[in-house]
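**Student:** Sharing run39.pdb here; it has PDB, C-alpha atoms.
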```pdb
ATOM      1  CA  MET E   1     103.018  47.276 169.847
ATOM      2  CA  LYS E   2     104.491  48.772 166.720
ATOM      3  CA  THR E   3     102.597  51.798 165.340
ATOM      4  CA  MET E   4     101.871  51.782 161.612
ATOM      5  CA  LYS E   5     103.558  54.605 159.757
ATOM      6  CA  ARG E   6     101.216  56.970 157.907
ATOM      7  CA  ASN E   7     101.489  57.273 154.140
ATOM      8  CA  ILE E   8     102.090  60.833 152.931
ATOM      9  CA  ALA E   9     101.623  61.937 149.317
ATOM     10  CA  VAL E  10     103.876  64.848 148.354
ATOM     11  CA  ILE E  11     101.937  66.129 145.373
ATOM     12  CA  ALA E  12     103.824  67.808 142.550
ATOM     13  CA  GLY E  13     103.272  68.544 138.889
ATOM     14  CA  GLY E  14     100.442  70.704 137.679
ATOM     15  CA  ASP E  15      99.457  72.084 134.303
ATOM     16  CA  SER E  16     101.366  75.375 134.227
ATOM     17  CA  SER E  17     104.896  76.523 133.406
ATOM     18  CA  GLU E  18     105.724  76.142 137.090
ATOM     19  CA  ILE E  19     105.877  72.329 136.946
ATOM     20  CA  VAL E  20     109.698  72.402 136.966
ATOM     21  CA  VAL E  21     109.650  74.350 140.260
ATOM     22  CA  SER E  22     106.989  72.051 141.730
ATOM     23  CA  LEU E  23     109.044  68.933 141.082
ATOM     24  CA  LYS E  24     112.044  70.496 142.859
ATOM     25  CA  SER E  25     109.847  71.536 145.787
ATOM     26  CA  ALA E  26     108.525  67.983 146.105
ATOM     27  CA  GLU E  27     112.041  66.582 146.420
ATOM     28  CA  GLY E  28     112.769  69.150 149.118
ATOM     29  CA  ILE E  29     109.608  68.383 151.100
ATOM     30  CA  ARG E  30     110.130  64.631 150.848
ATOM     31  CA  SER E  31     113.637  65.088 152.290
ATOM     32  CA  PHE E  32     112.238  67.104 155.215
ATOM     33  CA  ILE E  33     109.585  64.578 156.268
ATOM     34  CA  ASP E  34     110.485  62.379 159.258
ATOM     35  CA  LYS E  35     110.921  58.888 157.771
ATOM     36  CA  THR E  36     110.616  57.279 161.214
ATOM     37  CA  LYS E  37     106.998  58.504 161.417
ATOM     38  CA  PHE E  38     105.853  58.620 157.803
ATOM     39  CA  ASN E  39     106.228  56.873 154.458
ATOM     40  CA  ALA E  40     106.626  59.752 151.982
ATOM     41  CA  TYR E  41     105.881  59.253 148.290
ATOM     42  CA  ILE E  42     105.995  61.794 145.491
ATOM     43  CA  ALA E  43     102.759  61.812 143.503
ATOM     44  CA  ILE E  44     102.626  63.515 140.109
ATOM     45  CA  VAL E  45      99.297  65.137 139.262
ATOM     46  CA  LYS E  46      98.979  66.774 135.863
ATOM     47  CA  ARG E  47      96.528  66.651 132.993
ATOM     48  CA  GLY E  48      96.387  63.103 131.657
ATOM     49  CA  GLU E  49      98.783  61.666 134.250
ATOM     50  CA  TRP E  50      98.248  60.845 137.920
ATOM     51  CA  ALA E  51     101.009  58.575 139.162
ATOM     52  CA  VAL E  52     103.077  57.714 142.240
ATOM     53  CA  LYS E  53     106.867  57.456 142.019
ATOM     54  CA  LEU E  54     108.074  54.244 143.661
ATOM     55  CA  ALA E  55     111.401  53.633 145.373
ATOM     56  CA  ASP E  56     112.858  51.840 142.345
ATOM     57  CA  GLY E  57     112.225  54.889 140.152
ATOM     58  CA  SER E  58     109.203  53.437 138.370
ATOM     59  CA  GLU E  59     105.747  54.999 138.378
ATOM     60  CA  THR E  60     102.385  53.426 139.115
ATOM     61  CA  PRO E  61      98.973  54.950 138.284
ATOM     62  CA  ILE E  62      96.765  56.587 140.908
ATOM     63  CA  ASP E  63      93.157  55.425 141.177
ATOM     64  CA  LYS E  64      91.222  58.713 141.071
ATOM     65  CA  ASN E  65      88.282  57.172 142.920
ATOM     66  CA  ASP E  66      90.162  57.253 146.222
ATOM     67  CA  PHE E  67      93.736  58.385 145.357
ATOM     68  CA  SER E  68      95.077  54.886 146.049
ATOM     69  CA  PHE E  69      97.880  53.076 144.191
ATOM     70  CA  ARG E  70      99.369  49.614 143.847
ATOM     71  CA  GLU E  71     102.761  48.627 145.228
ATOM     72  CA  ASN E  72     104.199  45.120 145.452
ATOM     73  CA  GLY E  73     100.825  43.696 144.461
ATOM     74  CA  GLU E  74      98.974  45.510 147.251
ATOM     75  CA  THR E  75      96.620  48.485 147.208
ATOM     76  CA  ARG E  76      97.946  51.349 149.325
ATOM     77  CA  HIS E  77      96.015  54.370 150.557
ATOM     78  CA  PHE E  78      97.357  57.755 151.560
ATOM     79  CA  ASP E  79      96.604  59.273 154.946
ATOM     80  CA  PHE E  80      97.586  62.832 154.047
ATOM     81  CA  ALA E  81      98.463  64.954 151.009
ATOM     82  CA  TYR E  82     101.128  67.646 151.092
ATOM     83  CA  ILE E  83     100.327  69.798 148.062
ATOM     84  CA  THR E  84     103.299  71.499 146.435
ATOM     85  CA  ILE E  85     101.882  72.241 142.994
ATOM     86  CA  HIS E  86     102.532  75.861 142.021
ATOM     87  CA  GLY E  87      99.687  76.861 139.713
ATOM     88  CA  THR E  88      96.674  74.857 138.594
ATOM     89  CA  PRO E  89      95.247  72.508 139.883
ATOM     90  CA  GLY E  90      97.040  72.518 143.247
ATOM     91  CA  GLU E  91      97.225  76.203 144.117
ATOM     92  CA  ASN E  92      93.821  77.379 142.867
ATOM     93  CA  GLY E  93      91.501  75.117 144.865
ATOM     94  CA  LEU E  94      90.669  72.455 142.279
ATOM     95  CA  LEU E  95      92.705  69.702 143.928
ATOM     96  CA  GLN E  96      91.530  70.783 147.370
ATOM     97  CA  GLY E  97      87.914  70.312 146.239
ATOM     98  CA  TYR E  98      88.722  66.799 145.010
ATOM     99  CA  PHE E  99      90.371  65.886 148.319
ATOM    100  CA  ASP E 100      87.397  67.274 150.228
ATOM    101  CA  LEU E 101      85.122  65.036 148.159
ATOM    102  CA  ILE E 102      87.077  61.869 148.909
ATOM    103  CA  GLY E 103      87.793  62.816 152.552
ATOM    104  CA  MET E 104      91.585  63.142 152.271
ATOM    105  CA  PRO E 105      93.258  65.612 154.643
ATOM    106  CA  TYR E 106      95.749  67.964 153.004
ATOM    107  CA  SER E 107      98.318  70.588 153.913
ATOM    108  CA  SER E 108      97.165  73.772 152.265
ATOM    109  CA  CYS E 109      94.322  76.283 152.511
ATOM    110  CA  ASN E 110      90.835  75.065 151.639
ATOM    111  CA  THR E 111      89.133  75.384 148.256
ATOM    112  CA  LEU E 112      87.745  78.885 148.797
ATOM    113  CA  VAL E 113      90.907  80.399 150.260
ATOM    114  CA  SER E 114      93.107  78.748 147.616
ATOM    115  CA  ALA E 115      90.899  80.068 144.808
ATOM    116  CA  LEU E 116      90.805  83.534 146.354
ATOM    117  CA  THR E 117      94.547  83.885 146.898
ATOM    118  CA  PHE E 118      95.344  82.460 143.459
ATOM    119  CA  ASN E 119      93.430  85.349 141.880
ATOM    120  CA  LYS E 120      95.845  88.147 142.793
ATOM    121  CA  TYR E 121      93.518  90.989 141.825
ATOM    122  CA  VAL E 122      90.445  89.672 143.672
ATOM    123  CA  CYS E 123      92.466  88.702 146.752
ATOM    124  CA  ASN E 124      94.222  92.041 147.054
ATOM    125  CA  HIS E 125      90.984  93.975 146.656
ATOM    126  CA  TYR E 126      89.242  91.735 149.203
ATOM    127  CA  LEU E 127      92.003  92.478 151.710
ATOM    128  CA  LYS E 128      91.972  96.191 150.829
ATOM    129  CA  ALA E 129      88.498  96.329 152.401
ATOM    130  CA  PHE E 130      90.161  95.413 155.729
ATOM    131  CA  GLY E 131      92.764  98.166 155.454
ATOM    132  CA  VAL E 132      95.545  96.150 153.818
ATOM    133  CA  ARG E 133      97.591  98.444 151.574
ATOM    134  CA  ILE E 134      97.833  97.427 147.902
ATOM    135  CA  ALA E 135      99.158  99.006 144.713
ATOM    136  CA  PRO E 136      96.722 100.629 142.231
ATOM    137  CA  SER E 137      95.892  98.078 139.523
ATOM    138  CA  ILE E 138      93.748  97.245 136.479
ATOM    139  CA  ARG E 139      92.465  93.772 135.548
ATOM    140  CA  LEU E 140      91.907  92.585 131.978
ATOM    141  CA  PHE E 141      89.970  89.447 131.043
ATOM    142  CA  HIS E 142      90.853  87.350 127.997
ATOM    143  CA  GLY E 143      89.750  89.253 124.907
ATOM    144  CA  GLU E 144      89.800  92.635 126.647
ATOM    145  CA  SER E 145      92.256  95.371 125.797
ATOM    146  CA  ILE E 146      93.198  98.758 127.201
ATOM    147  CA  ASP E 147      94.487 101.897 125.545
ATOM    148  CA  THR E 148      98.121 102.597 126.424
ATOM    149  CA  ASP E 149      97.468 106.235 127.310
ATOM    150  CA  GLU E 150      94.597 105.230 129.612
ATOM    151  CA  ALA E 151      96.716 102.670 131.463
ATOM    152  CA  VAL E 152      99.672 105.029 131.882
ATOM    153  CA  GLY E 153      97.344 107.815 132.961
ATOM    154  CA  LYS E 154      95.849 105.652 135.724
ATOM    155  CA  LEU E 155      98.955 103.808 136.885
ATOM    156  CA  GLY E 156     101.959 105.888 135.854
ATOM    157  CA  LEU E 157     105.266 104.321 134.837
ATOM    158  CA  PRO E 158     106.788 101.838 135.369
ATOM    159  CA  ILE E 159     103.884  99.359 135.236
ATOM    160  CA  PHE E 160     104.129  95.697 136.166
ATOM    161  CA  VAL E 161     102.158  93.498 133.786
ATOM    162  CA  LYS E 162     101.563  89.940 134.944
ATOM    163  CA  PRO E 163      99.194  86.993 134.662
ATOM    164  CA  ASN E 164      96.525  87.218 137.338
ATOM    165  CA  ASP E 165      96.546  83.453 137.863
ATOM    166  CA  GLY E 166     100.180  82.384 137.676
ATOM    167  CA  GLY E 167     103.437  82.536 139.596
ATOM    168  CA  SER E 168     107.222  82.152 139.574
ATOM    169  CA  SER E 169     107.293  85.371 137.498
ATOM    170  CA  PHE E 170     106.330  83.597 134.271
ATOM    171  CA  GLY E 171     104.884  86.130 131.830
ATOM    172  CA  VAL E 172     105.766  89.151 133.988
ATOM    173  CA  THR E 173     107.161  92.364 132.494
ATOM    174  CA  LYS E 174     108.243  95.630 134.057
ATOM    175  CA  VAL E 175     107.114  98.194 131.482
ATOM    176  CA  LYS E 176     109.125 101.418 131.556
ATOM    177  CA  GLU E 177     108.132 102.860 128.174
ATOM    178  CA  PRO E 178     104.568 103.227 126.833
ATOM    179  CA  SER E 179     105.587 101.570 123.574
ATOM    180  CA  ALA E 180     106.299  98.288 125.406
ATOM    181  CA  LEU E 181     102.930  97.946 127.143
ATOM    182  CA  GLN E 182     100.861  96.081 124.561
ATOM    183  CA  ALA E 183     103.578  93.463 123.944
ATOM    184  CA  ALA E 184     103.793  92.906 127.706
ATOM    185  CA  ILE E 185     100.031  92.373 127.893
ATOM    186  CA  ARG E 186     100.210  89.780 125.100
ATOM    187  CA  LYS E 187     103.078  88.011 126.896
ATOM    188  CA  ALA E 188     101.071  87.829 130.143
ATOM    189  CA  PHE E 189      97.973  86.532 128.329
ATOM    190  CA  ALA E 190     100.119  83.673 126.970
ATOM    191  CA  GLU E 191     100.351  82.409 130.582
ATOM    192  CA  GLY E 192      96.748  82.903 131.731
ATOM    193  CA  ARG E 193      93.266  84.147 130.921
ATOM    194  CA  GLU E 194      93.441  87.230 133.140
ATOM    195  CA  VAL E 195      96.112  89.931 133.265
ATOM    196  CA  VAL E 196      96.848  92.529 135.924
ATOM    197  CA  LEU E 197      98.515  95.885 135.313
ATOM    198  CA  GLU E 198      99.923  97.231 138.562
ATOM    199  CA  SER E 199     101.652 100.468 139.559
ATOM    200  CA  PHE E 200     105.324 100.135 140.390
ATOM    201  CA  ILE E 201     106.076 100.991 144.011
ATOM    202  CA  LYS E 202     109.681 101.727 144.868
ATOM    203  CA  GLY E 203     110.862 100.214 148.114
ATOM    204  CA  THR E 204     112.367  97.222 149.892
ATOM    205  CA  GLU E 205     110.914  93.840 148.945
ATOM    206  CA  VAL E 206     110.462  91.369 151.778
ATOM    207  CA  THR E 207     108.684  88.066 152.187
ATOM    208  CA  SER E 208     107.140  86.596 155.325
ATOM    209  CA  GLY E 209     106.315  82.951 156.088
ATOM    210  CA  CYS E 210     103.618  81.958 158.567
ATOM    211  CA  TYR E 211     101.665  78.957 159.809
ATOM    212  CA  LYS E 212      99.266  78.356 162.656
ATOM    213  CA  VAL E 213      98.424  75.000 164.191
ATOM    214  CA  LYS E 214      96.525  74.145 167.350
ATOM    215  CA  GLY E 215      98.221  75.877 170.260
ATOM    216  CA  LYS E 216     101.037  77.315 168.155
ATOM    217  CA  GLU E 217     101.512  80.366 165.935
ATOM    218  CA  VAL E 218     104.714  80.736 163.911
ATOM    219  CA  VAL E 219     105.564  83.921 162.001
ATOM    220  CA  LEU E 220     109.016  83.324 160.572
ATOM    221  CA  PRO E 221     111.872  85.833 160.237
ATOM    222  CA  LEU E 222     111.561  88.035 157.152
ATOM    223  CA  THR E 223     113.692  87.658 154.050
ATOM    224  CA  GLU E 224     114.824  90.745 152.154
ATOM    225  CA  VAL E 225     115.040  90.329 148.379
ATOM    226  CA  VAL E 226     117.737  92.305 146.572
ATOM    227  CA  THR E 227     118.311  91.805 142.843
ATOM    228  CA  SER E 228     120.150  93.746 140.169
ATOM    229  CA  ASN E 229     117.590  92.445 137.655
ATOM    230  CA  GLU E 230     114.689  94.718 136.765
ATOM    231  CA  PHE E 231     112.572  92.827 139.290
ATOM    232  CA  PHE E 232     112.481  89.514 141.162
ATOM    233  CA  ASP E 233     112.042  87.469 137.975
ATOM    234  CA  PHE E 234     112.501  83.759 137.241
ATOM    235  CA  ASP E 235     116.295  84.019 136.916
ATOM    236  CA  ALA E 236     116.495  85.918 140.179
ATOM    237  CA  LYS E 237     114.299  83.330 141.916
ATOM    238  CA  TYR E 238     115.838  80.131 140.604
ATOM    239  CA  ASN E 239     119.162  80.910 138.912
ATOM    240  CA  GLY E 240     120.833  82.763 141.729
ATOM    241  CA  GLN E 241     120.646  86.309 140.315
ATOM    242  CA  VAL E 242     119.548  87.653 143.672
ATOM    243  CA  GLN E 243     120.688  88.375 147.188
ATOM    244  CA  GLU E 244     118.359  86.926 149.811
ATOM    245  CA  ILE E 245     119.031  88.307 153.267
ATOM    246  CA  THR E 246     117.458  86.502 156.218
ATOM    247  CA  PRO E 247     116.624  88.101 158.565
ATOM    248  CA  ALA E 248     115.816  91.222 156.577
ATOM    249  CA  ARG E 249     117.763  94.426 157.307
ATOM    250  CA  LEU E 250     114.790  96.194 158.882
ATOM    251  CA  SER E 251     114.415  97.801 162.283
ATOM    252  CA  PRO E 252     112.882  95.588 164.971
ATOM    253  CA  ALA E 253     109.774  97.801 164.956
ATOM    254  CA  LEU E 254     109.283  97.550 161.194
ATOM    255  CA  THR E 255     109.980  93.807 161.243
ATOM    256  CA  GLU E 256     107.310  93.376 163.912
ATOM    257  CA  LYS E 257     104.858  95.514 161.918
ATOM    258  CA  VAL E 258     105.244  93.279 158.838
ATOM    259  CA  GLN E 259     104.956  90.113 160.918
ATOM    260  CA  ARG E 260     101.783  91.422 162.607
ATOM    261  CA  GLU E 261     100.303  92.187 159.204
ATOM    262  CA  THR E 262     101.161  88.673 158.008
ATOM    263  CA  SER E 263      99.443  87.132 161.035
ATOM    264  CA  ARG E 264      96.409  89.394 160.515
ATOM    265  CA  ILE E 265      96.105  88.531 156.825
ATOM    266  CA  TYR E 266      96.379  84.815 157.683
ATOM    267  CA  ASP E 267      93.362  85.212 159.966
ATOM    268  CA  LEU E 268      91.403  87.475 157.592
ATOM    269  CA  LEU E 269      91.680  84.789 154.921
ATOM    270  CA  GLY E 270      90.946  81.899 157.262
ATOM    271  CA  ALA E 271      94.167  80.329 156.009
ATOM    272  CA  THR E 272      95.454  76.904 157.013
ATOM    273  CA  GLY E 273      98.838  75.331 156.476
ATOM    274  CA  LEU E 274     101.972  77.248 155.570
ATOM    275  CA  ILE E 275     101.692  80.460 153.550
ATOM    276  CA  ARG E 276     104.138  83.121 152.408
ATOM    277  CA  ILE E 277     103.250  86.772 151.876
ATOM    278  CA  ASP E 278     105.308  89.158 149.742
ATOM    279  CA  TYR E 279     105.460  92.901 150.410
ATOM    280  CA  ILE E 280     107.082  96.110 149.203
ATOM    281  CA  ILE E 281     107.997  98.562 151.944
ATOM    282  CA  PRO E 282     108.248 102.113 150.561
ATOM    283  CA  ASP E 283     110.006 104.987 152.307
ATOM    284  CA  ASP E 284     106.989 105.749 154.502
ATOM    285  CA  GLY E 285     107.405 102.367 156.225
ATOM    286  CA  GLU E 286     103.857 101.143 155.547
ATOM    287  CA  PRO E 287     103.980  97.610 154.030
ATOM    288  CA  CYS E 288     102.248  97.218 150.671
ATOM    289  CA  LEU E 289     100.946  93.729 149.854
ATOM    290  CA  LEU E 290     102.210  92.184 146.627
ATOM    291  CA  GLU E 291     100.763  88.675 146.725
ATOM    292  CA  ILE E 292     100.070  85.591 148.816
ATOM    293  CA  ASN E 293     101.474  82.127 148.172
ATOM    294  CA  THR E 294      99.520  79.231 149.699
ATOM    295  CA  THR E 295     101.865  76.561 148.277
ATOM    296  CA  PRO E 296     105.223  78.328 148.678
ATOM    297  CA  GLY E 297     108.312  76.924 147.016
ATOM    298  CA  MET E 298     110.423  74.425 148.934
ATOM    299  CA  THR E 299     113.427  74.093 146.628
ATOM    300  CA  ALA E 300     116.973  74.367 147.919
ATOM    301  CA  THR E 301     116.899  78.098 147.086
ATOM    302  CA  SER E 302     113.417  78.835 148.458
ATOM    303  CA  PHE E 303     112.645  81.351 151.182
ATOM    304  CA  ILE E 304     110.794  79.200 153.725
ATOM    305  CA  PRO E 305     113.682  76.809 154.512
ATOM    306  CA  GLN E 306     115.958  79.858 154.930
ATOM    307  CA  GLN E 307     113.491  81.490 157.325
ATOM    308  CA  VAL E 308     112.995  78.293 159.303
ATOM    309  CA  ARG E 309     116.762  77.981 159.814
ATOM    310  CA  ALA E 310     116.980  81.641 160.874
ATOM    311  CA  ALA E 311     114.240  80.991 163.456
ATOM    312  CA  GLY E 312     116.360  78.229 165.001
ATOM    313  CA  MET E 313     113.882  75.581 163.836
ATOM    314  CA  ASN E 314     114.260  72.757 161.352
ATOM    315  CA  MET E 315     112.057  71.772 158.431
ATOM    316  CA  THR E 316     111.305  68.319 159.852
ATOM    317  CA  GLU E 317     109.731  69.996 162.881
ATOM    318  CA  VAL E 318     107.647  72.225 160.585
ATOM    319  CA  MET E 319     106.494  69.258 158.495
ATOM    320  CA  ASP E 320     105.504  67.405 161.683
ATOM    321  CA  ASP E 321     103.433  70.401 162.801
ATOM    322  CA  LEU E 322     101.648  70.724 159.445
ATOM    323  CA  ILE E 323     100.962  67.017 158.907
ATOM    324  CA  GLU E 324      99.807  66.333 162.478
ATOM    325  CA  ASP E 325      97.558  69.403 162.449
ATOM    326  CA  GLY E 326      96.048  68.433 159.094
ATOM    327  CA  LEU E 327      95.305  64.940 160.353
ATOM    328  CA  ARG E 328      93.792  66.355 163.559
ATOM    329  CA  ARG E 329      91.534  68.798 161.672
ATOM    330  CA  ASN E 330      90.261  65.964 159.487
ATOM    331  CA  GLU E 331      89.288  63.917 162.544
ATOM    332  CA  GLU E 332      87.417  66.747 164.298
TER     333      GLU E 332
END
```
Is it possible to express this structure as structure tokens?

**Tutor:**
Amino acid sequence: MKTMKRNIAVIAGGDSSEIVVSLKSAEGIRSFIDKTKFNAYIAIVKRGEWAVKLADGSETPIDKNDFSFRENGETRHFDFAYITIHGTPGENGLLQGYFDLIGMPYSSCNTLVSALTFNKYVCNHYLKAFGVRIAPSIRLFHGESIDTDEAVGKLGLPIFVKPNDGGSSFGVTKVKEPSALQAAIRKAFAEGREVVLESFIKGTEVTSGCYKVKGKEVVLPLTEVVTSNEFFDFDAKYNGQVQEITPARLSPALTEKVQRETSRIYDLLGATGLIRIDYIIPDDGEPCLLEINTTPGMTATSFIPQQVRAAGMNMTEVMDDLIEDGLRRNEE
């Protein structure tokens, strides 16, 4: 008896500047999914447009009542959603809440964990209570301001200024002179309603991928990020102005320390699905958390596919793990 293939929605789009990255990630994920087991469709979710891309290149609307769509005159339902929106509504818990309401299993962390990790300041300070090392920082809400002398007095120079609720380095500035601080704050507020000012910590930047499914824990090899740019900005991430070294050039002991911290943070958060955690390692060898990505990029230049290859695995195997585990959790 022939088994029916499950329908998988690879969900891209979103309402932030990161939509261009999301669309590239969706193409990557769709290519990784085992077509002998699953029918993979790209679904675009953004304000005013929910649609599925069909094989002929056309788009058909999604019925928001149950996330179904029409193809060849028939109504089709999805069995699973792989969320690869970077930014709102797919990374901050909004879409997860919708899927919980309609009973659709999905790939990423749940509503609470997604909302928590999307708010960099709140997440880092939550984890600080468990002994996770973070950089000193100040949060500003929309409409708030801070005196330049006060900020420099608390954080020193340089200061990273960034949106508290964004990614892909949009709106981020490395401020080296006091005179540049207020313009950097305005730039960050153009991307979000909260801004974080964070002390610069000199060290080696690494990133660590991790997922846990029933009976299996995977902490991937680390990637070291080396860029001649002022920091790991958009051009470094997506236009090749960076050296990404996988596995990272760290001692086995330090590599293991970072991987243990990644696994611990995963559990402290109650994470599900695949996450990626970014760190700075200063000279004292104690990892300092930068941020957590619960819908990490899956473009051709993204870290996770590099790390999976370095681990001797392949992305199809990883997708199988994540999809099968998500379906299992939904049935429990």

**Student:** To test your reading of the syntax: which residues would the PyMOL selection byres ((chain E and resi 48) around 12) return for the file shown? Reply as a ChimeraX atom specification.

**Tutor:** /E:13-15,44-47,49-51,61-62,64

**Student:** So which residues get picked by the PyMOL selection byres ((chain E and resi 304) around 12) here, written as a VMD selection string?

**Tutor:** chain E and resid 25 28 to 29 207 to 211 218 to 223 244 246 to 247 274 to 277 293 to 303 305 to 311 313 to 315 318 to 319

**Student:** Near Ala81 in chain E, within 8 Å and counting all atoms listed in the file, which residues show up once chain neighbours fewer than 6 positions away are dropped, as a PyMOL selection string?

**Tutor:** chain E and resi 8-11+104-107

**Student:** Could you work out how far CA of Glu191 in chain E lies from CA of Pro136 in chain E, giving the answer in Å with one decimal?

**Tutor:**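 If I compute the distance from CA of Pro136 in chain E to CA of Glu191 in chain E, I get 21.9 Å.
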
**Student:** Give as JSON, numbers by chain the residues that the PyMOL selection byres ((chain E and resi 88) around 9) matches when applied to the coordinates above.

**Tutor:** {"E": [14, 15, 16, 46, 85, 86, 87, 89, 90, 91, 92, 93, 94, 95, 165, 166]}

**Student:** Which one is closest to Lys162 in chain E: E:Ala135, E:Val196, E:Leu23, E:Ala43? Count all atoms listed in the file.

**Tutor:**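 For Lys162 in chain E, the nearest of the candidates is E:Val196.
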
**Student:** Just how far from CA of Glu18 in chain E is CA of Asp66 in chain E, in Å to one decimal?

**Tutor:** 26.1 Å

**Student:** Write out as an NGL selection string which residues come within 12 Å of Gly153 in chain E when counting all atoms listed in the file, dropping same-chain ones fewer than 6 positions away.

**Tutor:** :E and (136-138 or 146-147 or 159 or 178 or 199)

**Student:** Of the candidates E:Cys109, E:Ile33, E:Ile323, E:Ile281, which shows the shortest atom-to-atom distance to Leu269 in chain E, using all atoms listed in the file?

**Tutor:**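 Among E:Cys109, E:Ile33, E:Ile323, E:Ile281, it is E:Cys109 that comes nearest to Leu269 in chain E.
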
**Student:** What does the distance between CA of Val172 in chain E and CA of Ile185 in chain E come to in Å, to one decimal place?

**Tutor:** 9.0 Å

**Student:** Measuring atom to atom with only C-alpha atoms, identify which of E:Thr204, E:Asn39, E:Asn7, E:Asn164 is nearest to Gly285 in chain E.

**Tutor:**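 Under the stated criterion, the closest residue is E:Thr204.
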
**Student:** Rank nothing, just name the residue among E:Glu332, E:Glu224, E:Glu286, E:Glu177 nearest to Val242 in chain E, using all atoms listed in the file.

**Tutor:** E:Glu224

**Student:** Do a neighbour search on Leu268 in chain E at 9 Å with all atoms listed in the file, toss out local chain neighbours closer than 5 positions, and write the hits as number ranges by chain.

**Tutor:** E: 127, 130, 263

**Student:** Check the smallest atom-to-atom distance from each of E:Leu322, E:Arg30, E:Val20, E:Val113 to Phe170 in chain E using all atoms listed in the file, then report the winner.

**Tutor:**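 Distance minimum relative to Phe170 in chain E lands on E:Val20.
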